[in-house]
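Raw contents of upload.txt, compact mmCIF, C-alpha atoms and all ligand atoms:
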# COMPACT_ATOMS: atom_id res chain seq x y z
CA MET A 25 54.28 91.78 37.33
CA SER A 26 57.57 92.14 39.16
CA TYR A 27 58.85 94.61 41.75
CA SER A 28 58.71 98.25 40.61
CA VAL A 29 61.73 99.67 38.77
CA SER A 30 62.86 101.68 41.80
CA LEU A 31 62.47 98.73 44.19
CA SER A 32 64.23 96.35 41.75
CA LYS A 33 67.12 98.84 41.51
CA LEU A 34 67.33 99.12 45.28
CA LEU A 35 67.41 95.32 45.66
CA GLU A 36 70.05 95.03 42.94
CA SER A 37 72.21 97.74 44.49
CA ILE A 38 72.43 95.89 47.80
CA GLY A 39 72.85 92.50 46.09
CA ALA A 40 69.58 91.10 47.48
CA LYS A 41 68.38 87.94 45.77
CA GLU A 42 65.36 85.72 46.31
CA GLY A 43 66.01 83.97 49.63
CA SER A 44 68.41 86.61 51.00
CA ASN A 45 67.79 87.40 54.66
CA LEU A 46 66.82 91.08 54.88
CA SER A 47 66.21 93.67 57.50
CA VAL A 48 63.49 96.02 56.24
CA SER A 49 62.70 99.26 58.08
CA SER A 50 59.72 101.20 56.85
CA LYS A 51 57.47 103.66 58.70
CA ASP A 52 59.08 103.07 62.10
CA LYS A 53 58.82 99.29 61.93
CA THR A 54 61.57 96.78 61.25
CA TYR A 55 61.00 93.31 59.88
CA ILE A 56 63.50 90.51 59.35
CA GLY A 57 62.88 87.78 56.84
CA ARG A 58 63.79 86.09 53.55
CA LEU A 59 63.11 87.91 50.30
CA MET A 60 60.26 86.31 48.40
CA PRO A 61 59.38 86.72 44.74
CA HIS A 62 57.00 89.56 44.11
CA HIS A 63 53.36 88.75 44.76
CA ASP A 64 51.51 89.29 41.49
CA PHE A 65 48.42 90.82 43.02
CA SER A 66 50.16 93.51 44.99
CA ASP A 67 51.66 96.83 44.10
CA GLY A 68 55.22 96.86 42.70
CA ASP A 69 56.43 98.83 45.74
CA ILE A 70 55.36 96.13 48.20
CA LEU A 71 58.31 93.99 49.24
CA VAL A 72 57.40 90.45 50.32
CA ILE A 73 59.47 88.68 52.96
CA LYS A 74 58.98 85.40 54.81
CA LEU A 75 59.28 85.88 58.57
CA SER A 76 60.86 83.18 60.72
CA SER A 77 57.33 82.26 61.90
CA GLY A 78 56.63 81.05 58.36
CA TYR A 79 54.25 83.92 57.59
CA ASN A 80 54.80 86.15 54.58
CA VAL A 81 54.34 89.89 54.95
CA GLY A 82 54.14 92.61 52.33
CA ILE A 83 55.88 95.87 53.29
CA ARG A 84 55.41 99.09 51.35
CA ILE A 85 58.79 100.65 50.53
CA TYR A 86 58.98 104.45 50.60
CA PRO A 87 61.95 106.61 49.52
CA ASP A 88 63.09 106.81 53.17
CA SER A 89 62.69 103.07 53.92
CA GLU A 90 65.84 101.09 54.67
CA VAL A 91 66.54 97.64 53.27
CA LYS A 92 69.71 95.78 54.33
CA VAL A 93 71.00 92.33 53.48
CA LEU A 94 71.82 90.34 56.63
CA GLU A 95 72.73 87.11 54.88
CA HIS A 96 73.02 86.45 51.17
CA SER A 97 72.47 82.75 50.73
CA ALA A 98 69.14 81.06 51.27
CA PRO A 99 69.04 77.63 52.84
CA ALA A 100 68.14 75.09 50.17
CA LEU A 101 64.55 73.94 50.48
CA LYS A 102 64.65 70.28 51.30
CA LYS A 103 62.18 68.12 49.47
CA GLU A 104 61.84 65.70 52.37
CA VAL A 105 62.67 66.47 55.95
CA ALA A 106 63.62 63.90 58.54
CA PHE A 107 62.47 64.69 62.06
CA GLU A 108 63.52 63.14 65.30
CA ARG A 109 60.84 60.75 66.62
CA LYS A 110 60.21 60.78 70.35
CA GLU A 111 58.33 58.20 72.44
CA GLY A 112 55.08 59.41 73.92
CA ARG A 113 54.38 62.03 71.27
CA PRO A 114 51.44 61.59 68.90
CA ASN A 115 52.30 60.30 65.45
CA ILE A 116 50.75 62.45 62.73
CA VAL A 117 51.05 61.71 59.04
CA PHE A 118 50.61 64.43 56.42
CA ILE A 119 49.48 63.19 53.02
CA GLY A 120 49.90 65.86 50.36
CA THR A 121 47.57 65.72 47.36
CA GLY A 122 48.18 69.17 45.87
CA GLY A 123 45.84 72.16 45.73
CA THR A 124 46.62 75.67 46.86
CA ILE A 125 47.85 74.50 50.25
CA ALA A 126 50.69 72.64 48.57
CA SER A 127 51.30 75.19 45.83
CA GLY A 128 53.54 78.00 44.88
CA ALA A 129 52.98 80.77 42.40
CA ASP A 130 54.81 80.58 39.12
CA TYR A 131 56.13 84.09 39.13
CA ARG A 132 56.71 84.19 35.39
CA THR A 133 53.13 83.45 34.45
CA GLY A 134 51.32 84.40 37.64
CA ALA A 135 49.65 80.99 37.67
CA VAL A 136 49.54 78.84 40.77
CA ARG A 137 50.85 75.29 40.43
CA PRO A 138 50.77 72.38 42.86
CA ALA A 139 54.47 72.12 43.53
CA LEU A 140 55.55 71.93 47.15
CA SER A 141 56.24 68.64 48.83
CA ALA A 142 54.15 67.79 51.87
CA SER A 143 57.22 68.03 54.08
CA GLU A 144 57.70 71.64 53.01
CA MET A 145 54.21 72.15 54.37
CA ILE A 146 55.35 70.86 57.76
CA ALA A 147 57.74 73.77 57.93
CA LEU A 148 54.69 76.05 57.86
CA VAL A 149 53.49 74.90 61.27
CA PRO A 150 55.86 76.56 63.73
CA GLY A 151 56.96 74.25 66.52
CA ILE A 152 54.97 71.27 65.29
CA THR A 153 57.93 68.91 65.41
CA ASP A 154 58.37 69.68 69.13
CA ILE A 155 54.93 68.34 69.99
CA ALA A 156 54.32 65.51 67.53
CA ASN A 157 56.19 62.97 65.47
CA ILE A 158 55.43 64.09 61.96
CA SER A 159 55.98 62.30 58.73
CA ALA A 160 54.94 63.55 55.34
CA LYS A 161 54.17 62.03 51.98
CA ALA A 162 53.48 63.90 48.79
CA MET A 163 51.11 61.32 47.34
CA LEU A 164 49.59 63.38 44.53
CA SER A 165 50.24 66.74 42.99
CA LEU A 166 46.85 67.71 41.66
CA PHE A 167 44.45 70.56 41.70
CA SER A 168 41.39 69.05 43.24
CA GLU A 169 39.21 69.60 40.16
CA ASN A 170 41.31 66.77 38.70
CA MET A 171 40.60 64.37 41.56
CA ASN A 172 38.87 61.25 40.41
CA VAL A 173 37.25 58.24 42.04
CA GLU A 174 40.53 56.30 41.72
CA HIS A 175 42.28 59.03 43.71
CA TRP A 176 39.71 58.72 46.51
CA GLN A 177 40.26 54.97 46.52
CA GLU A 178 44.04 55.32 46.60
CA LEU A 179 43.78 57.90 49.36
CA ALA A 180 41.42 55.83 51.53
CA LYS A 181 43.82 52.87 51.27
CA ALA A 182 46.78 55.07 52.15
CA VAL A 183 44.99 56.53 55.19
CA ALA A 184 44.01 53.08 56.48
CA GLU A 185 47.57 51.86 55.95
CA GLU A 186 48.99 54.78 57.95
CA ILE A 187 46.58 54.22 60.83
CA ASN A 188 47.29 50.50 60.86
CA GLY A 189 50.99 51.37 60.81
CA GLY A 190 50.70 53.41 64.02
CA ALA A 191 49.49 56.88 63.01
CA ASP A 192 47.37 58.60 65.66
CA ALA A 193 45.98 60.95 63.05
CA VAL A 194 46.21 61.51 59.33
CA MET A 195 46.01 64.94 57.73
CA VAL A 196 45.20 65.19 54.05
CA LEU A 197 46.39 68.41 52.42
CA HIS A 198 43.89 68.98 49.64
CA GLY A 199 42.67 71.55 47.13
CA THR A 200 39.53 73.26 48.30
CA ASP A 201 37.37 73.01 45.16
CA THR A 202 36.39 69.37 45.60
CA MET A 203 37.50 68.82 49.17
CA GLY A 204 33.90 68.13 50.21
CA TYR A 205 33.61 65.26 47.73
CA THR A 206 36.85 63.66 48.90
CA ALA A 207 35.84 64.11 52.53
CA ALA A 208 32.52 62.38 51.81
CA ALA A 209 34.25 59.58 49.89
CA LEU A 210 36.72 58.96 52.74
CA SER A 211 33.83 59.08 55.25
CA PHE A 212 31.99 56.20 53.56
CA MET A 213 35.09 54.22 52.57
CA LEU A 214 36.67 54.40 56.04
CA GLY A 215 33.43 53.91 58.01
CA ASP A 216 34.16 53.71 61.74
CA VAL A 217 37.80 54.72 61.38
CA PRO A 218 39.25 54.78 64.93
CA LYS A 219 41.37 57.95 64.55
CA PRO A 220 40.94 61.50 63.24
CA VAL A 221 41.35 61.93 59.49
CA VAL A 222 41.46 65.65 58.78
CA LEU A 223 41.33 67.31 55.38
CA VAL A 224 42.82 70.76 55.29
CA GLY A 225 43.35 73.31 52.54
CA ALA A 226 44.01 76.95 51.87
CA GLN A 227 42.52 79.71 49.79
CA ARG A 228 45.89 81.47 49.34
CA SER A 229 49.07 79.62 48.50
CA PRO A 230 51.74 79.42 51.21
CA ASP A 231 54.10 81.81 49.43
CA ARG A 232 51.50 84.57 49.30
CA PRO A 233 51.35 87.28 51.93
CA SER A 234 48.63 86.39 54.45
CA SER A 235 48.28 82.80 53.29
CA ASP A 236 45.76 80.86 55.36
CA ALA A 237 47.81 77.66 54.98
CA PRO A 238 49.82 77.94 58.25
CA SER A 239 46.84 78.81 60.43
CA ASN A 240 44.58 76.13 58.94
CA LEU A 241 47.34 73.54 59.30
CA THR A 242 48.02 74.58 62.88
CA ALA A 243 44.32 74.33 63.80
CA ALA A 244 44.09 70.93 62.13
CA VAL A 245 47.16 69.64 63.98
CA ARG A 246 45.78 70.89 67.30
CA PHE A 247 42.46 69.16 66.60
CA CYS A 248 44.29 65.95 65.74
CA ILE A 249 46.34 66.06 68.95
CA ASN A 250 43.79 67.39 71.46
CA GLY A 251 40.36 66.74 69.94
CA GLY A 252 40.21 63.05 70.86
CA ALA A 253 37.66 62.56 68.06
CA ALA A 254 37.49 59.80 65.46
CA GLY A 255 36.08 60.29 61.97
CA VAL A 256 36.67 62.23 58.80
CA PHE A 257 36.69 66.02 59.18
CA VAL A 258 37.49 69.20 57.31
CA VAL A 259 39.28 71.97 59.23
CA MET A 260 39.28 75.46 57.71
CA HIS A 261 38.92 79.10 58.75
CA ASP A 262 35.60 79.92 60.39
CA THR A 263 36.11 83.69 60.11
CA LEU A 264 38.13 86.06 57.95
CA GLY A 265 40.72 86.52 60.70
CA ASP A 266 42.97 83.92 62.27
CA ASP A 267 40.85 83.76 65.40
CA SER A 268 38.40 80.91 64.82
CA PHE A 269 38.52 77.62 62.93
CA ALA A 270 35.65 75.27 62.21
CA VAL A 271 35.78 71.48 62.24
CA HIS A 272 33.21 70.14 59.80
CA THR A 273 31.87 66.61 59.57
CA GLY A 274 33.20 65.23 56.27
CA THR A 275 29.75 64.48 54.80
CA ARG A 276 28.18 67.83 55.65
CA VAL A 277 30.61 70.37 54.31
CA ARG A 278 30.55 72.56 51.24
CA LYS A 279 32.77 75.27 49.77
CA MET A 280 30.34 78.20 49.69
CA HIS A 281 32.57 80.98 48.41
CA THR A 282 35.14 81.11 45.64
CA SER A 283 37.81 83.03 47.51
CA ARG A 284 37.08 83.93 51.13
CA ARG A 285 39.13 82.28 53.87
CA ASP A 286 35.90 81.28 55.61
CA ALA A 287 34.50 79.67 52.46
CA PHE A 288 33.57 76.35 54.07
CA GLU A 289 30.26 75.79 55.81
CA SER A 290 28.50 72.83 57.33
CA ILE A 291 25.09 72.48 55.72
CA ASN A 292 22.07 71.44 57.79
CA ALA A 293 24.30 70.84 60.82
CA SER A 294 26.64 72.97 62.87
CA PRO A 295 30.37 72.31 62.61
CA ILE A 296 31.14 69.59 65.14
CA ALA A 297 33.74 71.80 66.84
CA PHE A 298 35.46 75.17 66.80
CA LEU A 299 39.02 76.07 67.74
CA ASP A 300 40.14 79.51 68.80
CA GLU A 301 43.55 81.00 68.08
CA GLU A 302 44.98 79.52 71.28
CA GLY A 303 43.85 76.07 70.18
CA THR A 304 41.02 75.69 72.69
CA ILE A 305 38.50 73.25 71.27
CA ARG A 306 34.75 73.63 71.80
CA PHE A 307 32.60 70.71 70.65
CA THR A 308 29.02 71.51 69.68
CA ARG A 309 27.82 67.93 69.97
CA GLU A 310 29.01 64.54 71.05
CA LYS A 311 32.02 63.19 69.25
CA ARG A 312 32.91 59.60 68.47
CA ALA A 313 35.97 59.09 70.66
CA ALA A 314 39.28 58.14 69.09
CA ALA A 315 40.32 54.64 70.13
CA SER A 316 42.83 51.95 69.38
CA GLY A 317 41.90 49.55 66.63
CA LYS A 318 42.38 48.92 62.98
CA ALA A 319 41.13 50.93 60.05
CA ALA A 320 39.54 49.25 57.05
CA ALA A 321 39.10 50.83 53.64
CA ARG A 322 36.09 49.59 51.66
CA THR A 323 36.82 51.34 48.42
CA ASP A 324 34.53 49.73 45.81
CA MET A 325 32.49 52.33 43.95
CA GLU A 326 29.82 52.00 41.24
CA ARG A 327 31.12 54.34 38.57
CA SER A 328 27.97 54.46 36.49
CA THR A 329 26.44 57.04 38.80
CA VAL A 330 25.51 60.60 37.85
CA LEU A 331 24.59 63.84 39.58
CA LEU A 332 22.07 65.99 37.73
CA GLN A 333 20.68 69.38 38.59
CA TYR A 334 17.04 69.92 37.62
CA TYR A 335 16.30 73.24 35.91
CA PRO A 336 13.19 74.68 34.25
CA GLY A 337 13.33 73.74 30.58
CA MET A 338 15.25 70.48 31.24
CA ASP A 339 14.58 68.39 28.13
CA PRO A 340 14.05 64.71 29.04
CA SER A 341 15.14 63.61 25.56
CA LEU A 342 18.63 65.03 26.22
CA PHE A 343 18.95 63.04 29.44
CA GLU A 344 17.38 59.76 28.37
CA GLU A 345 20.62 58.16 27.25
CA ILE A 346 22.48 59.30 30.39
CA MET A 347 19.76 58.13 32.76
CA MET A 348 19.18 54.80 31.07
CA LYS A 349 22.93 54.07 31.11
CA SER A 350 23.38 54.91 34.80
CA LYS A 351 22.82 52.54 37.70
CA GLY A 352 22.64 55.43 40.14
CA ILE A 353 21.10 58.85 39.50
CA VAL A 354 21.10 61.69 42.01
CA ILE A 355 18.88 64.64 41.13
CA ALA A 356 19.25 67.96 42.89
CA GLY A 357 15.64 69.00 42.52
CA SER A 358 13.94 72.32 43.17
CA GLY A 359 12.47 73.16 46.56
CA LEU A 360 11.41 70.06 48.46
CA GLY A 361 13.02 67.93 45.72
CA HIS A 362 10.91 68.46 42.63
CA VAL A 363 11.37 68.08 38.88
CA SER A 364 8.97 69.03 36.09
CA GLU A 365 6.13 66.68 35.13
CA SER A 366 7.90 66.05 31.83
CA MET A 367 10.86 64.40 33.62
CA ILE A 368 8.74 61.96 35.63
CA PRO A 369 8.19 59.32 32.90
CA LEU A 370 11.97 59.14 32.47
CA ILE A 371 12.46 58.63 36.21
CA LYS A 372 9.90 55.84 36.03
CA LYS A 373 11.67 54.23 33.08
CA ALA A 374 15.08 54.41 34.83
CA CYS A 375 13.70 52.95 38.08
CA GLY A 376 11.86 50.29 36.08
CA SER A 377 15.15 49.19 34.55
CA GLY A 378 16.69 48.68 38.01
CA SER A 379 18.43 52.02 38.55
CA VAL A 380 18.25 53.87 41.83
CA VAL A 381 17.01 57.47 41.57
CA VAL A 382 17.75 59.63 44.61
CA VAL A 383 16.31 63.09 45.08
CA THR A 384 18.04 65.90 46.98
CA SER A 385 17.38 69.63 46.97
CA GLN A 386 19.33 72.42 45.33
CA CYS A 387 18.09 74.66 48.19
CA LEU A 388 20.77 72.94 50.31
CA GLY A 389 19.14 74.20 53.52
CA GLY A 390 16.29 72.04 54.85
CA ARG A 391 15.21 68.57 53.93
CA THR A 392 13.50 67.09 50.90
CA ASN A 393 9.94 65.86 51.22
CA LEU A 394 8.11 64.22 48.33
CA ASN A 395 4.87 63.83 50.24
CA VAL A 396 3.71 67.43 50.24
CA TYR A 397 2.86 68.19 46.60
CA ASN A 398 1.46 66.08 43.78
CA THR A 399 4.76 66.41 41.89
CA GLY A 400 6.61 64.76 44.76
CA ARG A 401 4.04 62.02 45.13
CA ASP A 402 4.28 61.31 41.38
CA MET A 403 8.07 61.09 41.74
CA LEU A 404 7.70 58.61 44.60
CA ALA A 405 5.21 56.60 42.55
CA ALA A 406 7.76 56.58 39.71
CA GLY A 407 10.23 54.92 42.08
CA ALA A 408 12.42 57.81 43.28
CA ILE A 409 13.52 58.08 46.88
CA SER A 410 14.45 61.24 48.75
CA VAL A 411 17.20 61.52 51.32
CA LEU A 412 16.13 64.20 53.82
CA ASP A 413 18.79 66.89 54.25
CA MET A 414 21.75 65.22 52.55
CA LEU A 415 23.93 67.40 50.31
CA PRO A 416 23.56 66.50 46.60
CA GLU A 417 27.28 65.79 46.20
CA THR A 418 27.34 63.67 49.35
CA ALA A 419 24.35 61.72 47.98
CA TYR A 420 26.25 61.21 44.72
CA VAL A 421 29.35 59.87 46.50
CA LYS A 422 27.26 57.78 48.88
CA LEU A 423 25.21 56.28 46.03
CA MET A 424 28.38 55.17 44.25
CA TRP A 425 29.58 53.53 47.44
CA VAL A 426 26.23 52.03 48.42
CA LEU A 427 25.59 50.53 44.97
CA ALA A 428 28.99 48.85 45.06
CA ASN A 429 28.33 47.52 48.55
CA SER A 430 24.78 46.16 48.30
CA LYS A 431 23.35 43.09 46.69
CA ASP A 432 20.45 44.79 44.90
CA ALA A 433 18.66 48.08 44.31
CA GLU A 434 16.34 47.54 47.29
CA GLU A 435 19.24 47.20 49.70
CA ALA A 436 20.92 50.21 48.09
CA LYS A 437 17.77 52.30 48.62
CA ARG A 438 17.53 51.20 52.24
CA LEU A 439 21.17 52.14 52.85
CA MET A 440 20.69 55.49 51.11
CA MET A 441 17.99 56.30 53.66
CA THR A 442 20.09 55.11 56.62
CA PRO A 443 22.65 57.52 58.12
CA LEU A 444 26.08 55.89 57.80
CA ALA A 445 28.55 58.72 58.42
CA GLY A 446 26.61 61.68 59.82
CA GLU A 447 25.41 62.62 56.32
CA MET A 448 21.75 63.11 57.20
CA GLY A 449 19.69 64.29 60.11
CA ASP A 450 16.17 63.30 60.87
CA ARG A 451 12.82 65.05 61.00
CA ARG A 452 13.56 66.46 64.44
CA THR A 453 16.85 68.11 63.53
CA VAL A 454 15.88 70.09 60.46
CA ASP A 455 13.09 72.63 60.02
CA VAL A 456 10.51 71.86 57.37
N1 LIG B 1 41.32 74.69 42.19
C1 LIG B 1 42.40 74.26 43.00
C2 LIG B 1 42.03 73.09 43.88
O1 LIG B 1 40.92 72.92 44.28
C3 LIG B 1 42.99 75.35 43.82
C4 LIG B 1 42.02 75.89 44.85
C5 LIG B 1 42.43 75.56 46.26
O2 LIG B 1 43.15 74.64 46.59
O3 LIG B 1 41.95 76.31 47.09
O4 LIG B 1 42.91 72.32 44.18

Can you give me the file's structure in the form of structure tokens?
Amino acid sequence: MSYSVSLSKLLESIGAKEGSNLSVSSKDKTYIGRLMPHHDFSDGDILVIKLSSGYNVGIRIYPDSEVKVLEHSAPALKKEVAFERKEGRPNIVFIGTGGTIASGADYRTGAVRPALSASEMIALVPGITDIANISAKAMLSLFSENMNVEHWQELAKAVAEEINGGADAVMVLHGTDTMGYTAAALSFMLGDVPKPVVLVGAQRSPDRPSSDAPSNLTAAVRFCINGGAAGVFVVMHDTLGDDSFAVHTGTRVRKMHTSRRDAFESINASPIAFLDEEGTIRFTREKRAAASGKAAARTDMERSTVLLQYYPGMDPSLFEEIMMKSKGIVIAGSGLGHVSESMIPLIKKACGSGSVVVVTSQCLGGRTNLNVYNTGRDMLAAGAISVLDMLPETAYVKLMWVLANSKDAEEAKRLMMTPLAGEMGDRRTVDV
């Protein structure tokens, strides 16, 4: 959908083109900004302009509204931007991987494509280059559903390289769908990383009116500069407005809504910190302090690992081949971590052949416990282990990492039950 016929005619009559700098007066308010392509989800009479702050606004045009062209040509969008580096300022590296945060809408088809370079993203954080030395790399251009284990490995190496090259913080611009998986993978691969590594995304692409990209990026930058925390985090909106941002531990976070700005939640833990719109940071628990030192990326992963969700009617014969081929099996069980009696012989067979079977709960909230009911005790007897309150996807990523970094299944099981990156609490922290 494009601008309405009357609005298109008006724009044509004044010679306004995409990128022209306009003054738009409507209902007693005047806005100045660059003309953007029409936003597909809004009415044809809503004119979209990009304000100098980087925000896009949609303005309804009435017959008495006034639209004037202030400047015809748009500055060319640079693919890479060079910024002046100043001594004493923190060095922050943006690594772009794609996703909505690094996307623009294709206005012919209405589809969103990962297109913008990471340095174009920098332009979305007003004033950032006055407070930090920023460099940007567009490493990947993927929607995050296409992220694979090799991408996590490549990313972990790139982050470690940046930190060892002098970065005080690394921000990873990432699609939101699988951001939790990547955050978990970086958490295990980077271990005690001495600096903040912050994943940040957006639910609305930067060229949309009311995109959450600039505010999420700004909050993430402020956390990198002023948080003084080391580790892997996800920074996203905490509320629907631009007034509160949550900092989630990378192994505890899940996208809980398909479209809301506040889609991300920490599960079985509170976010480690919150930022308000002024950038004030409030920690909810002790942080690991950022320090000098080197980063190391241990990126080996056991690829023959699967994540299965138990459901009533699950037919063991359909899963036999998968489970017998896999060295690691994570099951998101029901309730405290259960599967049907009919699945237990298969768990026993898989464990007997040397595989590690890890049980989590599809309830998400609370911890697993296989000692309460007979089903659980039978699962334990079959060789399964349960991992308290760990998210199923975090258990899947951790199992891949643990299997590749232990000498045998026993060591892998022990490591699965040991907190390595804040991924599990203990009996005292979670209600049964
Ligand atoms: N599905 C895409 C992704 O995860 C777009 C969604 C987003 O970035 O929010 O990259």

Taking every listed atom of ligand LIG 1 (chain B) and adding 4 Å to each side, what centre and edge lengths in Å (one decimal) does the axis-aligned box have, as lines of an AutoDock Vina configuration file?
center_x = 42.0
center_y = 74.3
center_z = 44.6
size_x = 10.2
size_y = 12.0
size_z = 12.9

Got a sec to check which residues lie within 10 Å of ligand LIG 1 (chain B), using all atoms listed in the file, and send them as a ChimeraX atom specification? /A:121-127,136-138,165-171,197-203,224-229,237,279,282-285,287

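The spacing separating atom CA of Val354 of chain A from atom CA of Met213 of chain A amounts to 19.1 Å.
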
Give me the residues near Thr273 of chain A as a VMD selection string, where near means some atom within 6 Å (using all atoms listed in the file) and where sequence neighbours in that chain fewer than 2 positions away do not count. chain A and resid 257 275 to 276

Go ahead and save the residues from that selection, with C-alpha atoms, as a PDB file, keeping the file's coordinate frame.
ATOM      1  CA  PHE A 257      36.690  66.020  59.180  1.00  0.00           C
ATOM      2  CA  THR A 275      29.750  64.480  54.800  1.00  0.00           C
ATOM      3  CA  ARG A 276      28.180  67.830  55.650  1.00  0.00           C
TER       4      ARG A 276
END

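Taking only C-alpha atoms into account, the protein, DNA and RNA residues within 12 Å of (33.2, 57.5, 68.5) read Gly215, Asp216, Val217, Pro218, Lys219, Pro220, Gly251, Gly252, Ala253, Ala254, Gly255, Val256, Arg309, Glu310, Lys311, Arg312, Ala313, Ala314, Ala315, Ser316, Gly317, Ala445 and Gly446 of chain A.
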
Could you take the residues named above and write them with C-alpha atoms, as a compact mmCIF listing (two decimals), in the coordinates of the input?
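Listing of out.txt after writing:
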# COMPACT_ATOMS: atom_id res chain seq x y z
CA GLY A 215 33.43 53.91 58.01
CA ASP A 216 34.16 53.71 61.74
CA VAL A 217 37.80 54.72 61.38
CA PRO A 218 39.25 54.78 64.93
CA LYS A 219 41.37 57.95 64.55
CA PRO A 220 40.94 61.50 63.24
CA GLY A 251 40.36 66.74 69.94
CA GLY A 252 40.21 63.05 70.86
CA ALA A 253 37.66 62.56 68.06
CA ALA A 254 37.49 59.80 65.46
CA GLY A 255 36.08 60.29 61.97
CA VAL A 256 36.67 62.23 58.80
CA ARG A 309 27.82 67.93 69.97
CA GLU A 310 29.01 64.54 71.05
CA LYS A 311 32.02 63.19 69.25
CA ARG A 312 32.91 59.60 68.47
CA ALA A 313 35.97 59.09 70.66
CA ALA A 314 39.28 58.14 69.09
CA ALA A 315 40.32 54.64 70.13
CA SER A 316 42.83 51.95 69.38
CA GLY A 317 41.90 49.55 66.63
CA ALA A 445 28.55 58.72 58.42
CA GLY A 446 26.61 61.68 59.82

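Separating atom CA of Thr263 of chain A from atom CA of Val194 of chain A is a distance of 24.4 Å.
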
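Proximity of A:Ile158, A:Leu427, A:Ala321, A:Val196 to Gln177 of chain A, computed with all atoms listed in the file, is greatest for A:Ala321.
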
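Take atom CA of Ile409 of chain A and atom CA of Arg438 of chain A: the distance between them is 9.6 Å.
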
Using all atoms listed in the file and a cutoff of 8 Å, can you tell me which residues are near (54.7, 75.6, 58.8) in the file's coordinates, and write them out as a ChimeraX atom specification? /A:77-78,144-150,152,238,241-242

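Excluding segment 387-397 of chain A and any residue on its chain fewer than 2 positions from it, the residues at most 8 Å away by all atoms listed in the file are Ile291, Asn292, Ser358, Gly359, Leu360, Gly361, His362, Val383, Thr384, Ser385, Thr399, Gly400, Arg401, Met403, Leu404, Ser410, Val411, Leu412, Asp413, Met414, Leu415, Pro416, Val454, Asp455 and Val456 of chain A.
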
Using C-alpha atoms, can you export the residues from the last selection as a PDB file, keeping the file's coordinate frame?
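Written file, selection_26.pdb:
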ATOM      1  CA  ILE A 291      25.090  72.480  55.720  1.00  0.00           C
ATOM      2  CA  ASN A 292      22.070  71.440  57.790  1.00  0.00           C
ATOM      3  CA  SER A 358      13.940  72.320  43.170  1.00  0.00           C
ATOM      4  CA  GLY A 359      12.470  73.160  46.560  1.00  0.00           C
ATOM      5  CA  LEU A 360      11.410  70.060  48.460  1.00  0.00           C
ATOM      6  CA  GLY A 361      13.020  67.930  45.720  1.00  0.00           C
ATOM      7  CA  HIS A 362      10.910  68.460  42.630  1.00  0.00           C
ATOM      8  CA  VAL A 383      16.310  63.090  45.080  1.00  0.00           C
ATOM      9  CA  THR A 384      18.040  65.900  46.980  1.00  0.00           C
ATOM     10  CA  SER A 385      17.380  69.630  46.970  1.00  0.00           C
ATOM     11  CA  THR A 399       4.760  66.410  41.890  1.00  0.00           C
ATOM     12  CA  GLY A 400       6.610  64.760  44.760  1.00  0.00           C
ATOM     13  CA  ARG A 401       4.040  62.020  45.130  1.00  0.00           C
ATOM     14  CA  MET A 403       8.070  61.090  41.740  1.00  0.00           C
ATOM     15  CA  LEU A 404       7.700  58.610  44.600  1.00  0.00           C
ATOM     16  CA  SER A 410      14.450  61.240  48.750  1.00  0.00           C
ATOM     17  CA  VAL A 411      17.200  61.520  51.320  1.00  0.00           C
ATOM     18  CA  LEU A 412      16.130  64.200  53.820  1.00  0.00           C
ATOM     19  CA  ASP A 413      18.790  66.890  54.250  1.00  0.00           C
ATOM     20  CA  MET A 414      21.750  65.220  52.550  1.00  0.00           C
ATOM     21  CA  LEU A 415      23.930  67.400  50.310  1.00  0.00           C
ATOM     22  CA  PRO A 416      23.560  66.500  46.600  1.00  0.00           C
ATOM     23  CA  VAL A 454      15.880  70.090  60.460  1.00  0.00           C
ATOM     24  CA  ASP A 455      13.090  72.630  60.020  1.00  0.00           C
ATOM     25  CA  VAL A 456      10.510  71.860  57.370  1.00  0.00           C
TER      26      VAL A 456
END

Neighbouring residues of Ile38 of chain A were defined as those with any atom within 12 Å, considering only C-alpha atoms; residues of the same chain fewer than 2 positions away were excluded. Please report them as a count of residues only. 19

Would you list the contacts of Ile371 of chain A as a PyMOL selection string, taking every protein, DNA or RNA residue within 12 Å and counting all atoms listed in the file, but skipping same-chain residues closer than 5 positions in sequence? chain A and resi 340+343-344+346-348+350+352-355+362-366+376-383+402-409
